[in-house]
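So this block is coords.cif, mmCIF, C-alpha atoms:
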```
data_structure
#
loop_
_atom_site.label_atom_id
_atom_site.label_comp_id
_atom_site.auth_asym_id
_atom_site.auth_seq_id
_atom_site.Cartn_x
_atom_site.Cartn_y
_atom_site.Cartn_z
CA MET A 1 -53.62 -23.03 52.44
CA ALA A 2 -53.34 -19.24 52.25
CA ARG A 3 -53.84 -17.56 48.87
CA ALA A 4 -53.43 -13.92 47.85
CA PHE A 5 -53.51 -11.88 44.64
CA ALA A 6 -51.77 -8.60 43.89
CA PRO A 7 -52.26 -6.65 40.65
CA GLY A 8 -49.63 -5.24 38.34
CA LYS A 9 -49.53 -1.60 37.39
CA CYS A 10 -49.44 0.64 34.34
CA ILE A 11 -48.08 4.20 34.32
CA LEU A 12 -50.41 6.59 32.50
CA PHE A 13 -48.32 9.76 32.85
CA GLY A 14 -45.01 10.91 34.27
CA GLU A 15 -42.47 8.18 33.61
CA HIS A 16 -38.87 9.43 33.69
CA ALA A 17 -39.98 12.85 34.97
CA VAL A 18 -40.79 11.18 38.31
CA VAL A 19 -37.06 10.48 38.71
CA TYR A 20 -36.58 14.27 38.87
CA GLY A 21 -39.23 14.90 41.52
CA HIS A 22 -42.28 15.36 39.29
CA PRO A 23 -45.50 13.35 39.81
CA ALA A 24 -46.29 10.05 38.12
CA VAL A 25 -49.80 8.62 37.71
CA ALA A 26 -50.22 4.85 37.81
CA VAL A 27 -53.24 2.55 37.83
CA ALA A 28 -53.60 -1.04 38.97
CA ILE A 29 -54.46 -3.48 36.18
CA ASP A 30 -56.41 -6.74 36.09
CA GLY A 31 -53.34 -8.89 35.44
CA GLY A 32 -51.23 -9.75 38.45
CA VAL A 33 -49.57 -12.39 40.60
CA GLU A 34 -51.24 -15.06 42.75
CA VAL A 35 -49.31 -16.71 45.57
CA SER A 36 -50.44 -19.74 47.57
CA ILE A 37 -48.56 -21.24 50.52
CA GLU A 38 -49.11 -24.24 52.77
CA GLU A 39 -47.02 -26.27 55.18
CA SER A 40 -45.02 -29.12 53.70
CA ASP A 41 -42.25 -31.57 54.55
CA ARG A 42 -39.77 -29.61 52.43
CA TRP A 43 -39.26 -26.10 51.02
CA THR A 44 -40.48 -25.85 47.41
CA LEU A 45 -41.36 -23.14 44.91
CA GLU A 46 -43.33 -24.21 41.87
CA GLY A 47 -42.64 -27.83 42.80
CA LEU A 48 -38.84 -27.36 42.78
CA PRO A 49 -36.47 -27.01 45.75
CA PHE A 50 -36.55 -23.41 46.97
CA ASP A 51 -33.24 -21.60 46.39
CA SER A 52 -33.35 -18.39 48.43
CA SER A 53 -30.45 -16.82 46.52
CA ARG A 54 -32.44 -16.93 43.28
CA HIS A 55 -35.56 -15.33 44.75
CA PRO A 56 -34.48 -12.23 46.73
CA HIS A 57 -37.98 -10.76 47.11
CA ILE A 58 -39.43 -13.94 48.63
CA SER A 59 -36.37 -14.56 50.80
CA TYR A 60 -36.41 -11.04 52.19
CA ILE A 61 -40.09 -11.23 53.15
CA LEU A 62 -39.71 -14.66 54.75
CA GLN A 63 -36.48 -14.11 56.60
CA GLU A 64 -36.22 -10.42 57.39
CA VAL A 65 -39.78 -9.09 57.47
CA PHE A 66 -41.61 -12.02 59.10
CA GLN A 67 -38.49 -13.74 60.48
CA TYR A 68 -40.25 -16.98 59.67
CA ASP A 69 -38.93 -20.04 61.53
CA GLY A 70 -41.90 -22.39 61.18
CA PRO A 71 -42.35 -25.59 59.16
CA SER A 72 -41.26 -25.85 55.55
CA LEU A 73 -43.62 -24.27 53.01
CA ARG A 74 -44.88 -25.31 49.61
CA MET A 75 -45.15 -22.09 47.58
CA GLN A 76 -46.92 -21.69 44.25
CA VAL A 77 -46.76 -18.57 42.09
CA LYS A 78 -49.00 -17.83 39.10
CA SER A 79 -48.51 -14.68 37.04
CA SER A 80 -50.63 -13.22 34.26
CA LEU A 81 -48.17 -10.36 33.69
CA PHE A 82 -45.49 -10.04 31.05
CA SER A 83 -42.16 -10.36 32.87
CA SER A 84 -39.55 -7.54 32.80
CA ALA A 85 -42.00 -5.44 30.81
CA GLY A 86 -42.59 -2.51 33.16
CA LEU A 87 -45.87 -3.81 34.61
CA GLY A 88 -44.63 -4.23 38.18
CA SER A 89 -44.44 -8.02 38.26
CA SER A 90 -41.83 -8.16 41.05
CA ALA A 91 -43.82 -5.68 43.17
CA ALA A 92 -46.97 -7.75 42.69
CA LEU A 93 -45.03 -10.86 43.72
CA SER A 94 -43.77 -9.13 46.88
CA ASN A 95 -47.23 -7.89 47.84
CA ALA A 96 -48.95 -11.21 47.15
CA MET A 97 -46.27 -13.12 49.06
CA GLY A 98 -46.54 -10.76 52.02
CA ALA A 99 -50.34 -11.03 52.05
CA ALA A 100 -50.34 -14.83 51.79
CA LEU A 101 -47.75 -15.23 54.56
CA HIS A 102 -49.62 -12.77 56.78
CA SER A 103 -52.81 -14.79 56.28
CA HIS A 104 -50.99 -18.07 56.95
CA LEU A 105 -49.54 -16.79 60.23
CA ASN A 106 -52.55 -14.70 61.30
CA PRO A 107 -55.72 -16.45 60.09
CA GLY A 108 -58.75 -14.19 60.01
CA GLN A 109 -56.81 -10.95 60.46
CA PRO A 110 -57.45 -8.32 57.75
CA LEU A 111 -54.69 -7.10 55.49
CA ASP A 112 -53.10 -3.67 55.94
CA PRO A 113 -52.44 -2.40 52.37
CA VAL A 114 -50.12 0.39 53.53
CA ALA A 115 -48.02 -2.04 55.58
CA LEU A 116 -47.83 -4.37 52.58
CA ALA A 117 -46.83 -1.48 50.31
CA ARG A 118 -44.00 -0.56 52.69
CA MET A 119 -42.94 -4.19 52.94
CA GLY A 120 -42.95 -4.61 49.18
CA HIS A 121 -40.97 -1.41 48.70
CA SER A 122 -38.28 -2.57 51.11
CA ALA A 123 -38.11 -5.93 49.31
CA GLU A 124 -37.74 -4.14 45.96
CA ALA A 125 -34.97 -1.95 47.38
CA ARG A 126 -33.08 -4.95 48.72
CA ALA A 127 -33.31 -6.74 45.38
CA GLN A 128 -32.27 -3.62 43.42
CA GLN A 129 -29.17 -2.66 45.43
CA GLY A 130 -30.88 0.09 47.39
CA ARG A 131 -32.69 1.79 44.50
CA ALA A 132 -36.46 1.46 44.17
CA SER A 133 -39.41 3.76 43.65
CA PRO A 134 -42.55 3.00 45.71
CA THR A 135 -44.74 3.46 42.62
CA ASP A 136 -45.13 -0.23 41.73
CA THR A 137 -45.62 -1.57 45.24
CA ALA A 138 -47.99 1.23 46.32
CA THR A 139 -50.19 0.87 43.24
CA SER A 140 -50.29 -2.91 43.58
CA ALA A 141 -51.15 -2.73 47.28
CA LEU A 142 -53.71 0.09 47.18
CA GLY A 143 -55.26 -0.57 43.77
CA GLY A 144 -57.18 2.04 41.81
CA CYS A 145 -55.22 5.13 40.77
CA VAL A 146 -52.09 6.24 42.64
CA VAL A 147 -50.01 9.41 42.26
CA VAL A 148 -46.40 9.31 43.46
CA SER A 149 -44.56 12.58 43.84
CA GLY A 150 -42.08 14.46 45.98
CA GLU A 151 -45.05 16.19 47.62
CA TRP A 152 -48.82 16.16 47.89
CA VAL A 153 -50.52 16.75 44.52
CA GLU A 154 -53.65 18.91 44.28
CA GLY A 155 -56.79 16.90 43.60
CA THR A 156 -55.48 13.77 45.30
CA ARG A 157 -55.93 12.16 48.71
CA HIS A 158 -52.73 11.65 50.70
CA VAL A 159 -52.32 8.05 51.90
CA PHE A 160 -48.79 7.73 53.28
CA ASP A 161 -45.19 8.83 52.85
CA ALA A 162 -42.27 6.65 51.86
CA SER A 163 -38.54 7.13 52.21
CA LEU A 164 -35.44 5.22 51.26
CA SER A 165 -31.71 5.56 51.81
CA THR A 166 -30.16 5.07 48.38
CA PRO A 167 -26.52 5.14 47.21
CA GLU A 168 -27.30 8.64 45.88
CA GLY A 169 -28.75 9.89 49.18
CA GLU A 170 -32.07 9.98 51.02
CA ARG A 171 -35.21 9.87 48.86
CA GLU A 172 -38.73 10.76 49.98
CA TRP A 173 -42.10 10.36 48.27
CA ALA A 174 -45.74 11.20 48.97
CA ILE A 175 -48.16 8.42 48.00
CA ASN A 176 -51.55 9.86 47.00
CA ALA A 177 -54.75 8.24 45.77
CA VAL A 178 -57.32 9.45 43.25
CA ASP A 179 -61.01 8.50 43.40
CA LEU A 180 -61.93 7.59 39.83
CA PRO A 181 -65.37 8.57 38.48
CA ASP A 182 -67.91 5.94 37.47
CA ASN A 183 -67.91 6.83 33.78
CA LEU A 184 -64.37 5.47 33.42
CA GLU A 185 -66.07 2.09 33.16
CA GLU A 186 -66.88 3.10 29.57
CA ALA A 187 -63.21 2.80 28.63
CA TRP A 188 -60.56 0.15 28.95
CA LEU A 189 -56.80 -0.01 28.92
CA VAL A 190 -55.20 -2.13 26.22
CA ILE A 191 -51.58 -2.92 26.99
CA GLY A 192 -49.36 -4.10 24.17
CA TYR A 193 -46.16 -6.03 24.92
CA THR A 194 -43.38 -5.73 22.36
CA GLY A 195 -41.68 -8.96 23.41
CA ASP A 196 -38.55 -7.01 24.37
CA ILE A 197 -37.55 -6.49 27.99
CA SER A 198 -37.59 -2.97 29.40
CA PRO A 199 -34.13 -2.23 30.90
CA THR A 200 -35.21 0.34 33.51
CA GLY A 201 -31.78 1.12 34.93
CA ARG A 202 -30.18 1.55 31.53
CA MET A 203 -33.01 3.75 30.23
CA VAL A 204 -32.95 6.03 33.30
CA ALA A 205 -29.16 6.35 33.01
CA GLY A 206 -29.51 7.08 29.29
CA VAL A 207 -31.90 9.96 29.94
CA ALA A 208 -29.54 11.38 32.57
CA SER A 209 -26.67 11.27 30.05
CA LEU A 210 -28.83 12.86 27.36
CA LEU A 211 -29.75 15.75 29.68
CA GLU A 212 -26.07 16.33 30.47
CA GLU A 213 -25.26 16.40 26.77
CA LYS A 214 -28.27 18.51 25.82
CA PRO A 215 -29.36 20.64 28.81
CA GLU A 216 -32.08 22.26 26.70
CA LEU A 217 -34.00 18.97 26.95
CA GLU A 218 -34.57 19.54 30.66
CA GLY A 219 -37.64 21.49 29.56
CA GLU A 220 -39.14 18.19 28.43
CA MET A 221 -39.32 17.07 32.06
CA ASP A 222 -41.28 20.20 32.97
CA ALA A 223 -43.53 19.58 29.97
CA ILE A 224 -44.19 16.01 31.07
CA ALA A 225 -45.03 17.33 34.55
CA ARG A 226 -47.57 19.78 33.09
CA ILE A 227 -49.08 17.06 30.91
CA THR A 228 -49.26 14.74 33.92
CA ARG A 229 -51.20 17.29 35.96
CA ALA A 230 -53.55 18.01 33.04
CA GLY A 231 -54.05 14.28 32.46
CA LEU A 232 -54.76 13.75 36.15
CA THR A 233 -57.37 16.54 36.14
CA ALA A 234 -59.03 14.97 33.09
CA LEU A 235 -58.91 11.51 34.69
CA SER A 236 -60.51 12.77 37.91
CA ALA A 237 -63.28 14.47 35.91
CA GLY A 238 -63.89 11.44 33.70
CA ASN A 239 -63.02 13.39 30.54
CA LEU A 240 -61.86 10.41 28.48
CA GLU A 241 -61.02 12.40 25.35
CA ALA A 242 -58.77 14.73 27.32
CA VAL A 243 -57.08 11.76 29.01
CA GLY A 244 -56.33 10.32 25.58
CA MET A 245 -54.93 13.63 24.35
CA ALA A 246 -52.66 13.84 27.38
CA MET A 247 -51.42 10.30 26.72
CA ASP A 248 -50.54 11.23 23.13
CA ALA A 249 -48.78 14.41 24.29
CA CYS A 250 -46.82 12.53 26.93
CA HIS A 251 -45.64 9.99 24.35
CA GLU A 252 -44.40 12.79 22.11
CA ARG A 253 -42.25 14.16 24.95
CA LEU A 254 -40.90 10.71 25.75
CA GLN A 255 -39.93 10.31 22.10
CA ARG A 256 -37.82 13.46 22.41
CA LEU A 257 -36.06 11.88 25.38
CA GLN A 258 -35.18 8.95 23.10
CA VAL A 259 -36.78 6.26 25.28
CA SER A 260 -39.11 4.83 22.66
CA SER A 261 -38.15 2.05 20.24
CA PRO A 262 -39.23 0.92 16.76
CA ALA A 263 -41.28 -1.91 18.27
CA LEU A 264 -43.07 0.46 20.67
CA GLU A 265 -43.74 2.95 17.88
CA ALA A 266 -45.26 0.22 15.71
CA LEU A 267 -47.72 -0.77 18.45
CA VAL A 268 -48.61 2.83 19.35
CA GLU A 269 -49.32 3.67 15.70
CA ALA A 270 -51.36 0.48 15.26
CA ALA A 271 -53.52 1.29 18.28
CA ARG A 272 -54.22 4.98 17.68
CA PRO A 273 -56.84 4.75 14.88
CA HIS A 274 -59.16 2.87 17.28
CA ALA A 275 -58.10 4.47 20.58
CA LEU A 276 -58.60 7.71 22.50
CA GLY A 277 -54.85 7.90 23.08
CA ALA A 278 -51.75 5.71 23.20
CA LYS A 279 -48.22 5.91 24.56
CA LEU A 280 -45.34 3.85 25.82
CA THR A 281 -45.61 2.98 29.51
CA GLY A 282 -42.71 2.57 31.90
CA ALA A 283 -39.03 3.05 31.23
CA GLY A 284 -39.23 2.38 27.48
CA GLY A 285 -36.59 0.80 25.27
CA GLY A 286 -38.90 -2.22 25.05
CA GLY A 287 -41.59 -3.49 27.37
CA CYS A 288 -45.10 -2.18 26.81
CA MET A 289 -47.29 0.55 25.43
CA VAL A 290 -50.81 1.35 26.58
CA ALA A 291 -53.93 2.64 24.83
CA LEU A 292 -57.20 3.98 26.23
CA ALA A 293 -60.17 2.69 24.23
CA ARG A 294 -63.93 2.33 24.24
CA GLU A 295 -63.63 -0.65 21.89
CA PRO A 296 -60.74 -2.57 23.43
CA ARG A 297 -60.98 -5.67 21.25
CA ARG A 298 -60.43 -3.66 18.06
CA VAL A 299 -57.32 -2.14 19.60
CA ALA A 300 -56.12 -5.53 20.86
CA GLU A 301 -56.52 -7.00 17.38
CA SER A 302 -54.56 -4.10 15.85
CA ILE A 303 -51.75 -4.58 18.37
CA GLU A 304 -51.64 -8.30 17.64
CA ILE A 305 -51.49 -7.72 13.89
CA ALA A 306 -48.58 -5.32 14.48
CA GLY A 307 -46.67 -8.06 16.29
CA GLY A 308 -47.51 -7.29 19.92
CA LYS A 309 -49.17 -9.30 22.66
CA PRO A 310 -52.28 -7.52 24.01
CA LEU A 311 -53.69 -7.45 27.53
CA ILE A 312 -57.06 -5.79 28.23
CA SER A 313 -57.71 -4.31 31.67
CA ARG A 314 -60.03 -2.06 33.60
CA VAL A 315 -58.75 1.42 34.50
CA GLY A 316 -57.84 0.94 38.15
CA ALA A 317 -58.30 -2.64 39.37
CA PRO A 318 -58.63 -3.61 43.06
CA GLY A 319 -55.44 -3.81 45.14
CA VAL A 320 -53.90 -6.77 46.96
CA HIS A 321 -56.45 -9.13 48.50
CA LEU A 322 -56.87 -12.65 49.85
CA LEU A 323 -58.49 -15.39 47.80
CA GLU A 324 -60.81 -18.11 48.99
CA ASN A 325 -59.59 -21.69 48.80
#
```
How does the structure come out when it is put into structure tokens?
Amino acid sequence: MARAFAPGKCILFGEHAVVYGHPAVAVAIDGGVEVSIEESDRWTLEGLPFDSSRHPHISYILQEVFQYDGPSLRMQVKSSLFSSAGLGSSAALSNAMGAALHSHLNPGQPLDPVALARMGHSAEARAQQGRASPTDTATSALGGCVVVSGEWVEGTRHVFDASLSTPEGEREWAINAVDLPDNLEEAWLVIGYTGDISPTGRMVAGVASLLEEKPELEGEMDAIARITRAGLTALSAGNLEAVGMAMDACHERLQRLQVSSPALEALVEAARPHALGAKLTGAGGGGCMVALAREPRRVAESIEIAGGKPLISRVGAPGVHLLEN
């Protein structure tokens, strides 16, 4: 049996602005997806017959990336992420599946995180009709803290470049990593799930329409970019208070872009009295918020009382890796 785990991700700064070429800062979280595969007498997923049309990410990796033509496989998937909540669950599935299949076909060979990130990105693009950012797959593969931008960002370490032919034209990104200081272990991320799905495509389209209607709001994107760079500087220096302030400031700008929701606002307000900072994370409209806290259980309890489902994580978990049987 081959087993692999890939983490989900949480965006700390830059959501929506990244669509317009500005940087986004994401960190890998402790929750993620585990995939195990072994040979069997029939194709199954979670004990049921495997239907490739219902699982485009898995089908793409099996058939087009690895061109697998071996014996039938028994595949098991375990996820500790909230689904359709902006935490990168499909990217984690792609990375874990790619890692497990690589290990099954090449026992003893080490994983190549960059190759897995590229593989996962192509699987995401296929499943999303040619549109996919490499943010989720790169963060899940590399782990730690990742900055995705149209170019190299000062204070980061360039890892690789990604490109994609989309219906809107050719897109290119620089994938950069940030070495986090040791004192970040003093703080934790507390993610709060509203229970509502986060409709990424609809929220991105809504922001585009809003900017057409109110061009003066384009300045909010530049403001988010400035906040993102300030937050990244604070994160690299281990200045937790400044990171929290940047999170609060970023949330305020996202509110002006009308991507928050009453449920997200309730969780953000519940978390703030016990947190260094709190904001929505991802596309908005539902999904999750995130808080930075030194006392994560107090924040988690506040989120739960406000009607959310909390998840506590380190700031920057390890990337995709194999598991022992």
Spatial neighbours of Ala123 (chain A), 7 Å, only C-alpha atoms, chain gap at least 2 places, as a PyMOL selection string: chain A and resi 57+60-61+94+119-121+125-127
Near-Val204 (chain A) list (12 Å; all atoms listed in the file; drop same-chain fewer than 4 positions) as a PyMOL selection string: chain A and resi 15-20+131+198-200+208-211+254+257-259+282-285
Would you write out, as a PDB file with C-alpha atoms, in the frame of the given file, every residue that the PyMOL selection byres ((chain A and resi 32) around 8) captures in this file?
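Full text of selection36.pdb as output:
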```pdb
ATOM      1  CA  PHE A   5     -53.510 -11.880  44.640  1.00  0.00           C
ATOM      2  CA  ALA A   6     -51.770  -8.600  43.890  1.00  0.00           C
ATOM      3  CA  PRO A   7     -52.260  -6.650  40.650  1.00  0.00           C
ATOM      4  CA  GLY A   8     -49.630  -5.240  38.340  1.00  0.00           C
ATOM      5  CA  ILE A  29     -54.460  -3.480  36.180  1.00  0.00           C
ATOM      6  CA  ASP A  30     -56.410  -6.740  36.090  1.00  0.00           C
ATOM      7  CA  GLY A  31     -53.340  -8.890  35.440  1.00  0.00           C
ATOM      8  CA  VAL A  33     -49.570 -12.390  40.600  1.00  0.00           C
ATOM      9  CA  GLU A  34     -51.240 -15.060  42.750  1.00  0.00           C
ATOM     10  CA  SER A  79     -48.510 -14.680  37.040  1.00  0.00           C
ATOM     11  CA  SER A  80     -50.630 -13.220  34.260  1.00  0.00           C
ATOM     12  CA  LEU A  81     -48.170 -10.360  33.690  1.00  0.00           C
ATOM     13  CA  SER A  89     -44.440  -8.020  38.260  1.00  0.00           C
ATOM     14  CA  ALA A  92     -46.970  -7.750  42.690  1.00  0.00           C
TER      15      ALA A  92
END
```
Each residue of region 179-238 of chain A with at least one atom at most 6 Å from region 291-307 of chain A should appear once, together with its nearest atom pair and the corresponding distance in Å (one decimal); atoms considered: only C-alpha atoms; ordering: chain, then increasing residue number; output as a Markdown table.
```
| residue | atom | partner | partner_atom | distance |
| --- | --- | --- | --- | --- |
| A:Ala187 | CA | A:Arg294 | CA | 4.5 |
| A:Trp188 | CA | A:Ala293 | CA | 5.4 |
| A:Leu189 | CA | A:Leu292 | CA | 4.8 |
| A:Val190 | CA | A:Ala291 | CA | 5.1 |
```
Atomic separation - CA of Thr228 (chain A) relative to CA of Ala162 (chain A), Å: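 CA of Thr228 (chain A) lies 20.9 Å from CA of Ala162 (chain A).
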One-decimal distance in Å that lies between CA of Leu323 (chain A) and CA of Tyr68 (chain A): 21.8 Å
Using the chain letters and numbers from the file, which residues does the PyMOL selection byres ((chain A and resi 179-181) around 12) grab, as a short mmCIF file (atom, residue, chain, number, x, y, z; two decimals) with C-alpha atoms, keeping the file's coordinate frame?
```cif
data_model
loop_
_atom_site.label_atom_id
_atom_site.label_comp_id
_atom_site.auth_asym_id
_atom_site.auth_seq_id
_atom_site.Cartn_x
_atom_site.Cartn_y
_atom_site.Cartn_z
CA VAL A 27 -53.24 2.55 37.83
CA LEU A 142 -53.71 0.09 47.18
CA GLY A 143 -55.26 -0.57 43.77
CA GLY A 144 -57.18 2.04 41.81
CA CYS A 145 -55.22 5.13 40.77
CA VAL A 146 -52.09 6.24 42.64
CA VAL A 147 -50.01 9.41 42.26
CA GLY A 155 -56.79 16.90 43.60
CA THR A 156 -55.48 13.77 45.30
CA ARG A 157 -55.93 12.16 48.71
CA HIS A 158 -52.73 11.65 50.70
CA ASN A 176 -51.55 9.86 47.00
CA ALA A 177 -54.75 8.24 45.77
CA VAL A 178 -57.32 9.45 43.25
CA ASP A 182 -67.91 5.94 37.47
CA ASN A 183 -67.91 6.83 33.78
CA LEU A 184 -64.37 5.47 33.42
CA GLU A 185 -66.07 2.09 33.16
CA GLU A 186 -66.88 3.10 29.57
CA ALA A 187 -63.21 2.80 28.63
CA LEU A 232 -54.76 13.75 36.15
CA THR A 233 -57.37 16.54 36.14
CA ALA A 234 -59.03 14.97 33.09
CA LEU A 235 -58.91 11.51 34.69
CA SER A 236 -60.51 12.77 37.91
CA ALA A 237 -63.28 14.47 35.91
CA GLY A 238 -63.89 11.44 33.70
CA ASN A 239 -63.02 13.39 30.54
CA LEU A 240 -61.86 10.41 28.48
CA ARG A 314 -60.03 -2.06 33.60
CA VAL A 315 -58.75 1.42 34.50
CA GLY A 316 -57.84 0.94 38.15
CA ALA A 317 -58.30 -2.64 39.37
#
```
Which of A:Leu264, A:Met203, A:Leu116, A:Met289 sits closest to Val65 (chain A) [using all atoms listed in the file]: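 When distances to Val65 (chain A) are compared using all atoms listed in the file, the smallest one comes from A:Leu116.
Of the listed residues (A:His274, A:Arg3, A:Arg42, A:His22), A:Arg3 comes nearest to Gln76 (chain A); the distances count only C-alpha atoms.
Distances to Met97 (chain A) were evaluated for A:Ile58, A:Met221, A:Ala85, A:Val268 using only C-alpha atoms, and the minimum falls at A:Ile58.
For Val114 (chain A), the non-local neighbours within 10 Å, defined as residues at least 4 positions apart in the same chain or in other chains and counting all atoms listed in the file, are Arg118, Met119, Gly120, Thr137, Ala138, Ala141, Leu142, Val159, Phe160, Asp161 and Ile175 of chain A.
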Two-atom distance - CA of Gly150 (chain A), CA of Asn95 (chain A) (Å): 23.0 Å
Hits of the PyMOL selection byres ((chain A and resi 111) around 10) in this structure, as a PyMOL selection string: chain A and resi 98-100+102-103+106+108-110+112-116+141+320-322
Distance query Asp248 (chain A) at most 12 Å, all atoms listed in the file, self and fewer than 6 positions along chain excluded, as a ChimeraX atom specification: /A:12-13,224,227-228,231,241-242,254-255,265,268-269,271-272,275-281,289-292
Start from the incomplete input, build N, CA and C atoms for region 98-115 of chain A, and deliver everything as a compact mmCIF listing (two decimals), in the coordinates of the input.
```txt
# COMPACT_ATOMS: atom_id res chain seq x y z
N GLY A 98 -46.33 -11.32 50.70
CA GLY A 98 -46.54 -10.76 52.02
C GLY A 98 -47.95 -10.99 52.53
N ALA A 99 -48.95 -10.83 51.66
CA ALA A 99 -50.34 -11.03 52.05
C ALA A 99 -50.63 -12.49 52.38
N ALA A 100 -50.11 -13.40 51.56
CA ALA A 100 -50.34 -14.83 51.79
C ALA A 100 -49.68 -15.28 53.09
N LEU A 101 -48.45 -14.83 53.34
CA LEU A 101 -47.75 -15.23 54.56
C LEU A 101 -48.43 -14.64 55.79
N HIS A 102 -48.88 -13.38 55.67
CA HIS A 102 -49.62 -12.77 56.78
C HIS A 102 -50.86 -13.60 57.10
N SER A 103 -51.60 -14.01 56.07
CA SER A 103 -52.81 -14.79 56.28
C SER A 103 -52.49 -16.17 56.88
N HIS A 104 -51.39 -16.76 56.44
CA HIS A 104 -50.99 -18.07 56.95
C HIS A 104 -50.65 -17.99 58.44
N LEU A 105 -49.97 -16.92 58.84
CA LEU A 105 -49.54 -16.79 60.23
C LEU A 105 -50.60 -16.18 61.13
N ASN A 106 -51.53 -15.41 60.52
CA ASN A 106 -52.55 -14.70 61.30
C ASN A 106 -53.92 -14.93 60.69
N PRO A 107 -54.43 -16.15 60.74
CA PRO A 107 -55.72 -16.45 60.09
C PRO A 107 -56.84 -15.54 60.59
N GLY A 108 -57.60 -15.02 59.64
CA GLY A 108 -58.75 -14.19 60.01
C GLY A 108 -58.43 -12.73 60.20
N GLN A 109 -57.16 -12.36 60.30
CA GLN A 109 -56.81 -10.95 60.46
C GLN A 109 -56.82 -10.24 59.11
N PRO A 110 -57.40 -9.04 59.04
CA PRO A 110 -57.45 -8.32 57.75
C PRO A 110 -56.07 -7.86 57.32
N LEU A 111 -55.94 -7.61 56.04
CA LEU A 111 -54.69 -7.10 55.49
C LEU A 111 -54.59 -5.60 55.73
N ASP A 112 -53.38 -5.10 55.86
CA ASP A 112 -53.10 -3.67 55.94
C ASP A 112 -52.37 -3.29 54.65
N PRO A 113 -53.08 -2.69 53.67
CA PRO A 113 -52.44 -2.40 52.37
C PRO A 113 -51.22 -1.50 52.48
N VAL A 114 -51.27 -0.52 53.39
CA VAL A 114 -50.12 0.39 53.53
C VAL A 114 -48.91 -0.37 54.07
N ALA A 115 -49.12 -1.24 55.05
CA ALA A 115 -48.02 -2.04 55.58
C ALA A 115 -47.44 -2.94 54.50
```
